[in-house]
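Just coords18.cif here, mmCIF, C-alpha atoms; chains and numbers go by the auth columns:
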data_coords
#
loop_
_atom_site.group_PDB
_atom_site.id
_atom_site.type_symbol
_atom_site.label_atom_id
_atom_site.label_comp_id
_atom_site.label_asym_id
_atom_site.label_seq_id
_atom_site.Cartn_x
_atom_site.Cartn_y
_atom_site.Cartn_z
_atom_site.B_iso_or_equiv
_atom_site.auth_seq_id
_atom_site.auth_asym_id
ATOM 1 C CA MET A 1 -32.925 -180.435 38.887 0.00 7 A
ATOM 2 C CA GLY A 2 -34.832 -179.300 35.855 0.00 8 A
ATOM 3 C CA THR A 3 -35.796 -180.323 32.387 0.00 9 A
ATOM 4 C CA ILE A 4 -34.875 -179.582 28.816 0.00 10 A
ATOM 5 C CA ARG A 5 -37.311 -179.405 25.925 0.00 11 A
ATOM 6 C CA THR A 6 -36.275 -181.737 23.134 0.00 12 A
ATOM 7 C CA TYR A 7 -36.729 -181.382 19.403 0.00 13 A
ATOM 8 C CA ALA A 8 -39.711 -183.787 19.591 0.00 14 A
ATOM 9 C CA GLY A 9 -41.312 -181.565 22.234 0.00 15 A
ATOM 10 C CA LYS A 10 -40.667 -183.749 25.252 0.00 16 A
ATOM 11 C CA TYR A 11 -39.602 -182.310 28.584 0.00 17 A
ATOM 12 C CA VAL A 12 -36.916 -184.538 30.062 0.00 18 A
ATOM 13 C CA ASP A 13 -34.537 -184.438 32.987 0.00 19 A
ATOM 14 C CA PRO A 14 -31.195 -185.170 31.301 0.00 20 A
ATOM 15 C CA MET A 15 -29.665 -186.176 34.628 0.00 21 A
ATOM 16 C CA ASN A 16 -32.310 -188.872 35.112 0.00 22 A
ATOM 17 C CA LEU A 17 -33.450 -190.070 31.681 0.00 23 A
ATOM 18 C CA THR A 18 -36.100 -192.754 31.367 0.00 24 A
ATOM 19 C CA VAL A 19 -36.804 -195.072 28.438 0.00 25 A
ATOM 20 C CA ASP A 20 -39.944 -193.057 27.662 0.00 26 A
ATOM 21 C CA ASP A 21 -37.882 -189.852 27.424 0.00 27 A
ATOM 22 C CA VAL A 22 -35.677 -191.146 24.623 0.00 28 A
ATOM 23 C CA CYS A 23 -36.499 -191.097 20.900 0.00 29 A
ATOM 24 C CA ILE A 24 -34.342 -191.555 17.836 0.00 30 A
ATOM 25 C CA GLU A 25 -35.558 -188.317 16.224 0.00 31 A
ATOM 26 C CA ASP A 26 -34.302 -186.285 19.194 0.00 32 A
ATOM 27 C CA ILE A 27 -30.969 -188.065 19.104 0.00 33 A
ATOM 28 C CA ALA A 28 -30.451 -187.629 15.348 0.00 34 A
ATOM 29 C CA HIS A 29 -31.459 -183.972 15.412 0.00 35 A
ATOM 30 C CA ALA A 30 -29.380 -182.999 18.442 0.00 36 A
ATOM 31 C CA LEU A 31 -26.278 -184.900 17.322 0.00 37 A
ATOM 32 C CA SER A 32 -26.484 -183.372 13.843 0.00 38 A
ATOM 33 C CA LEU A 33 -26.303 -179.899 15.384 0.00 39 A
ATOM 34 C CA THR A 34 -23.618 -180.745 17.953 0.00 40 A
ATOM 35 C CA CYS A 35 -20.160 -179.909 16.653 0.00 41 A
ATOM 36 C CA ARG A 36 -17.246 -182.184 17.505 0.00 42 A
ATOM 37 C CA PHE A 37 -14.077 -180.861 19.149 0.00 43 A
ATOM 38 C CA GLY A 38 -15.946 -178.121 20.974 0.00 44 A
ATOM 39 C CA GLY A 39 -16.511 -176.378 17.636 0.00 45 A
ATOM 40 C CA HIS A 40 -12.775 -175.989 16.984 0.00 46 A
ATOM 41 C CA SER A 41 -12.755 -177.214 13.405 0.00 47 A
ATOM 42 C CA LEU A 42 -12.553 -175.583 10.006 0.00 48 A
ATOM 43 C CA SER A 43 -16.280 -176.065 9.473 0.00 49 A
ATOM 44 C CA HIS A 44 -19.178 -177.748 11.210 0.00 50 A
ATOM 45 C CA TYR A 45 -18.442 -181.428 11.784 0.00 51 A
ATOM 46 C CA SER A 46 -21.214 -183.049 13.788 0.00 52 A
ATOM 47 C CA VAL A 47 -21.389 -185.831 16.330 0.00 53 A
ATOM 48 C CA ALA A 48 -23.967 -187.450 14.016 0.00 54 A
ATOM 49 C CA GLU A 49 -21.418 -187.579 11.197 0.00 55 A
ATOM 50 C CA HIS A 50 -18.798 -188.906 13.623 0.00 56 A
ATOM 51 C CA SER A 51 -21.252 -191.607 14.712 0.00 57 A
ATOM 52 C CA LEU A 52 -21.798 -192.656 11.101 0.00 58 A
ATOM 53 C CA MET A 53 -18.023 -192.858 10.674 0.00 59 A
ATOM 54 C CA VAL A 54 -17.619 -195.077 13.757 0.00 60 A
ATOM 55 C CA GLU A 55 -20.390 -197.383 12.562 0.00 61 A
ATOM 56 C CA GLY A 56 -18.725 -197.547 9.143 0.00 62 A
ATOM 57 C CA ALA A 57 -15.362 -198.320 10.744 0.00 63 A
ATOM 58 C CA LEU A 58 -16.954 -201.240 12.574 0.00 64 A
ATOM 59 C CA GLN A 59 -18.404 -202.538 9.304 0.00 65 A
ATOM 60 C CA THR A 60 -14.975 -202.341 7.683 0.00 66 A
ATOM 61 C CA LYS A 61 -13.327 -204.038 10.649 0.00 67 A
ATOM 62 C CA ASN A 62 -15.883 -206.849 10.320 0.00 68 A
ATOM 63 C CA GLY A 63 -15.098 -207.210 6.622 0.00 69 A
ATOM 64 C CA TRP A 64 -18.406 -205.916 5.222 0.00 70 A
ATOM 65 C CA LYS A 65 -17.385 -202.785 3.430 0.00 71 A
ATOM 66 C CA CYS A 66 -20.702 -202.364 1.653 0.00 72 A
ATOM 67 C CA GLY A 67 -24.281 -203.161 2.492 0.00 73 A
ATOM 68 C CA TRP A 68 -25.541 -204.808 5.624 0.00 74 A
ATOM 69 C CA HIS A 69 -24.983 -208.228 7.028 0.00 75 A
ATOM 70 C CA ASN A 70 -28.339 -209.767 7.871 0.00 76 A
ATOM 71 C CA ASP A 71 -27.409 -211.323 11.194 0.00 77 A
ATOM 72 C CA ALA A 72 -29.364 -209.730 14.079 0.00 78 A
ATOM 73 C CA ALA A 73 -26.265 -209.679 16.319 0.00 79 A
ATOM 74 C CA ASP A 74 -24.316 -207.810 13.631 0.00 80 A
ATOM 75 C CA ARG A 75 -27.117 -205.258 13.260 0.00 81 A
ATOM 76 C CA LYS A 76 -27.175 -204.860 17.056 0.00 82 A
ATOM 77 C CA GLY A 77 -23.427 -204.220 17.004 0.00 83 A
ATOM 78 C CA TYR A 78 -23.670 -201.690 14.183 0.00 84 A
ATOM 79 C CA ARG A 79 -26.641 -200.004 15.885 0.00 85 A
ATOM 80 C CA SER A 80 -24.584 -199.848 19.096 0.00 86 A
ATOM 81 C CA ALA A 81 -21.742 -198.179 17.186 0.00 87 A
ATOM 82 C CA LEU A 82 -24.097 -195.687 15.535 0.00 88 A
ATOM 83 C CA LEU A 83 -25.571 -194.738 18.915 0.00 89 A
ATOM 84 C CA HIS A 84 -22.325 -194.843 20.925 0.00 90 A
ATOM 85 C CA ASP A 85 -22.505 -191.073 21.595 0.00 91 A
ATOM 86 C CA ALA A 86 -26.307 -190.833 21.894 0.00 92 A
ATOM 87 C CA THR A 87 -26.066 -189.595 25.489 0.00 93 A
ATOM 88 C CA GLU A 88 -24.697 -186.329 24.089 0.00 94 A
ATOM 89 C CA ALA A 89 -28.136 -185.593 22.604 0.00 95 A
ATOM 90 C CA TYR A 90 -29.396 -185.113 26.163 0.00 96 A
ATOM 91 C CA LEU A 91 -26.275 -184.180 28.151 0.00 97 A
ATOM 92 C CA GLY A 92 -24.331 -182.242 25.538 0.00 98 A
ATOM 93 C CA ASP A 93 -20.829 -182.965 24.309 0.00 99 A
ATOM 94 C CA MET A 94 -17.878 -182.275 26.524 0.00 100 A
ATOM 95 C CA VAL A 95 -14.301 -182.089 25.322 0.00 101 A
ATOM 96 C CA ARG A 96 -12.282 -185.091 26.462 0.00 102 A
ATOM 97 C CA PRO A 97 -9.790 -183.309 28.772 0.00 103 A
ATOM 98 C CA VAL A 98 -12.612 -181.699 30.759 0.00 104 A
ATOM 99 C CA LYS A 99 -14.789 -184.809 30.869 0.00 105 A
ATOM 100 C CA HIS A 100 -11.990 -187.100 32.017 0.00 106 A
ATOM 101 C CA GLY A 101 -10.094 -184.571 34.100 0.00 107 A
ATOM 102 C CA GLY A 102 -11.500 -185.880 37.370 0.00 108 A
ATOM 103 C CA GLU A 103 -13.776 -182.959 38.241 0.00 109 A
ATOM 104 C CA MET A 104 -16.870 -184.005 36.299 0.00 110 A
ATOM 105 C CA GLU A 105 -18.053 -187.010 38.296 0.00 111 A
ATOM 106 C CA THR A 106 -21.701 -185.858 38.349 0.00 112 A
ATOM 107 C CA TYR A 107 -21.705 -185.611 34.558 0.00 113 A
ATOM 108 C CA VAL A 108 -19.933 -188.969 34.162 0.00 114 A
ATOM 109 C CA GLN A 109 -22.473 -190.691 36.430 0.00 115 A
ATOM 110 C CA ALA A 110 -25.398 -189.116 34.537 0.00 116 A
ATOM 111 C CA GLU A 111 -23.811 -190.233 31.277 0.00 117 A
ATOM 112 C CA ARG A 112 -23.524 -193.811 32.556 0.00 118 A
ATOM 113 C CA ARG A 113 -27.185 -193.824 33.593 0.00 119 A
ATOM 114 C CA ALA A 114 -28.252 -192.310 30.265 0.00 120 A
ATOM 115 C CA ALA A 115 -26.181 -194.866 28.326 0.00 121 A
ATOM 116 C CA ALA A 116 -27.939 -197.714 30.143 0.00 122 A
ATOM 117 C CA VAL A 117 -31.377 -196.222 29.406 0.00 123 A
ATOM 118 C CA ILE A 118 -30.536 -195.659 25.738 0.00 124 A
ATOM 119 C CA ALA A 119 -29.163 -199.209 25.459 0.00 125 A
ATOM 120 C CA GLU A 120 -32.389 -200.567 26.890 0.00 126 A
ATOM 121 C CA LYS A 121 -34.543 -198.428 24.580 0.00 127 A
ATOM 122 C CA PHE A 122 -32.733 -199.401 21.369 0.00 128 A
ATOM 123 C CA ASN A 123 -31.484 -202.903 22.263 0.00 129 A
ATOM 124 C CA LEU A 124 -27.788 -201.973 22.216 0.00 130 A
ATOM 125 C CA TYR A 125 -24.789 -203.708 23.699 0.00 131 A
ATOM 126 C CA HIS A 126 -24.172 -202.336 27.172 0.00 132 A
ATOM 127 C CA PRO A 127 -21.584 -201.814 28.355 0.00 133 A
ATOM 128 C CA GLU A 128 -20.155 -200.716 25.035 0.00 134 A
ATOM 129 C CA LEU A 129 -18.203 -203.368 23.159 0.00 135 A
ATOM 130 C CA THR A 130 -14.436 -202.981 23.198 0.00 136 A
ATOM 131 C CA VAL A 131 -14.354 -203.128 19.396 0.00 137 A
ATOM 132 C CA ILE A 132 -16.611 -200.039 19.247 0.00 138 A
ATOM 133 C CA LYS A 133 -14.219 -198.181 21.560 0.00 139 A
ATOM 134 C CA VAL A 134 -11.350 -199.191 19.284 0.00 140 A
ATOM 135 C CA CYS A 135 -13.229 -197.932 16.207 0.00 141 A
ATOM 136 C CA ASP A 136 -14.064 -194.686 18.035 0.00 142 A
ATOM 137 C CA ARG A 137 -10.374 -194.100 18.827 0.00 143 A
ATOM 138 C CA GLU A 138 -9.324 -194.947 15.267 0.00 144 A
ATOM 139 C CA VAL A 139 -11.882 -192.521 13.834 0.00 145 A
ATOM 140 C CA LEU A 140 -10.763 -189.867 16.350 0.00 146 A
ATOM 141 C CA GLU A 141 -7.158 -190.165 15.126 0.00 147 A
ATOM 142 C CA TRP A 142 -8.272 -189.731 11.527 0.00 148 A
ATOM 143 C CA GLU A 143 -10.633 -186.874 12.436 0.00 149 A
ATOM 144 C CA GLN A 144 -7.912 -184.926 14.222 0.00 150 A
ATOM 145 C CA GLU A 145 -6.015 -184.685 10.956 0.00 151 A
ATOM 146 C CA TRP A 146 -8.984 -184.186 8.640 0.00 152 A
ATOM 147 C CA VAL A 147 -11.120 -181.832 10.744 0.00 153 A
ATOM 148 C CA PHE A 148 -8.260 -179.388 11.230 0.00 154 A
ATOM 149 C CA SER A 149 -6.854 -179.485 7.715 0.00 155 A
ATOM 150 C CA GLN A 150 -9.573 -180.022 5.112 0.00 156 A
ATOM 151 C CA CYS A 151 -12.879 -180.558 6.881 0.00 157 A
ATOM 152 C CA THR A 152 -15.959 -180.170 4.765 0.00 158 A
ATOM 153 C CA GLY A 153 -18.478 -181.957 6.966 0.00 159 A
ATOM 154 C CA LEU A 154 -22.064 -182.629 6.045 0.00 160 A
ATOM 155 C CA ASP A 155 -24.595 -179.939 6.704 0.00 161 A
ATOM 156 C CA ALA A 156 -26.735 -180.664 9.756 0.00 162 A
ATOM 157 C CA ARG A 157 -29.863 -181.669 7.815 0.00 163 A
ATOM 158 C CA ALA A 158 -27.937 -184.145 5.684 0.00 164 A
ATOM 159 C CA ALA A 159 -26.230 -185.631 8.745 0.00 165 A
ATOM 160 C CA GLU A 160 -29.564 -185.967 10.529 0.00 166 A
ATOM 161 C CA ARG A 161 -31.209 -187.616 7.520 0.00 167 A
ATOM 162 C CA MET A 162 -28.324 -190.052 6.993 0.00 168 A
ATOM 163 C CA PHE A 163 -28.254 -190.928 10.702 0.00 169 A
ATOM 164 C CA LEU A 164 -32.004 -191.686 10.696 0.00 170 A
ATOM 165 C CA GLU A 165 -31.750 -193.688 7.466 0.00 171 A
ATOM 166 C CA ARG A 166 -28.905 -195.774 8.861 0.00 172 A
ATOM 167 C CA TYR A 167 -30.791 -196.366 12.108 0.00 173 A
ATOM 168 C CA LYS A 168 -33.876 -197.496 10.174 0.00 174 A
ATOM 169 C CA VAL A 169 -31.872 -200.036 8.176 0.00 175 A
ATOM 170 C CA LEU A 170 -30.292 -201.381 11.352 0.00 176 A
ATOM 171 C CA SER A 171 -33.617 -201.645 13.148 0.00 177 A
ATOM 172 C CA ASP A 172 -35.693 -203.471 10.533 0.00 178 A
#

Rewrite the structure of this file - the entire thing - as structure tokens.
Amino acid sequence: MGTIRTYAGKYVDPMNLTVDDVCIEDIAHALSLTCRFGGHSLSHYSVAEHSLMVEGALQTKNGWKCGWHNDAADRKGYRSALLHDATEAYLGDMVRPVKHGGEMETYVQAERRAAAVIAEKFNLYHPELTVIKVCDREVLEWEQEWVFSQCTGLDARAAERMFLERYKVLSD
């Protein structure tokens, strides 16, 4: 079908990702420049920042409001939350009504394949844990108020840097 050139200089077929195609630098960079809500916010609010929020919500739900728990399973869960939207780095973001409106089956199938590849690459829970979906919905509810009333999201470079720093901590 074709390829895209990634930030890291790879040429990948987003509809048929492989483990070798995927790298954390591409994900962090692309998600930091991808605006949530189709760009309909007061200012730029990135998928990378959203991902950090979801990972933080999972930490809070688990009772660790600061720092990192040292258990490998907990780090895998937090890493899974941080990377829950990583497919969007390769397939782009799509607003929820379009994506789930029934006409985007090709995209949905590609997203499922990409999610499996990304989970394999980064040792994530797959399929996604229910608790991560719950955190994602909770953050979405909060974002819908904040993003349209007083949003002052991180600039893209800061979001990218924070995303990479968080990933590093969760991967050590």

What would the selection look like, as a PDB file with C-alpha atoms, in the frame of the given file, if the PyMOL selection byres ((chain A and resi 80-87) around 7) were run on the coordinates I just shared?
ATOM      1  CA  VAL A  60     -17.619-195.077  13.757  1.00  0.00           C
ATOM      2  CA  GLU A  61     -20.390-197.383  12.562  1.00  0.00           C
ATOM      3  CA  LEU A  64     -16.954-201.240  12.574  1.00  0.00           C
ATOM      4  CA  HIS A  75     -24.983-208.228   7.028  1.00  0.00           C
ATOM      5  CA  ASP A  77     -27.409-211.323  11.194  1.00  0.00           C
ATOM      6  CA  ALA A  78     -29.364-209.730  14.079  1.00  0.00           C
ATOM      7  CA  ALA A  79     -26.265-209.679  16.319  1.00  0.00           C
ATOM      8  CA  LEU A  88     -24.097-195.687  15.535  1.00  0.00           C
ATOM      9  CA  LEU A  89     -25.571-194.738  18.915  1.00  0.00           C
ATOM     10  CA  HIS A  90     -22.325-194.843  20.925  1.00  0.00           C
ATOM     11  CA  LEU A 130     -27.788-201.973  22.216  1.00  0.00           C
ATOM     12  CA  TYR A 131     -24.789-203.708  23.699  1.00  0.00           C
ATOM     13  CA  ILE A 138     -16.611-200.039  19.247  1.00  0.00           C
ATOM     14  CA  TYR A 173     -30.791-196.366  12.108  1.00  0.00           C
ATOM     15  CA  LEU A 176     -30.292-201.381  11.352  1.00  0.00           C
TER      16      LEU A 176
END

Distance query 12 Å from (-33.3, -188.6, 15.1) using all atoms listed in the file, result as JSON, numbers by chain: {"A": [12, 13, 14, 28, 29, 30, 31, 32, 33, 34, 35, 36, 37, 38, 39, 54, 88, 89, 92, 95, 162, 163, 164, 165, 166, 167, 168, 169, 170, 171, 172, 173, 174]}

Non-local contacts of segment 122-129 of chain A (7 Å; only C-alpha atoms; under 3 positions in same chain excluded) as a PyMOL selection string: chain A and resi 23-25+28+118-119+132

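Distance check against Glu149 of chain A using all atoms listed in the file: of A:His106, A:Ser47, A:Val175, A:Gln65, the minimum falls on A:Ser47.
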
Counting all atoms listed in the file, the residue of A:Glu117, A:Phe154, A:Pro133, A:Lys16 that sits nearest Lys105 of chain A: A:Glu117

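The spacing separating atom CA of Met59 of chain A from atom CA of Leu97 of chain A amounts to 21.2 Å.
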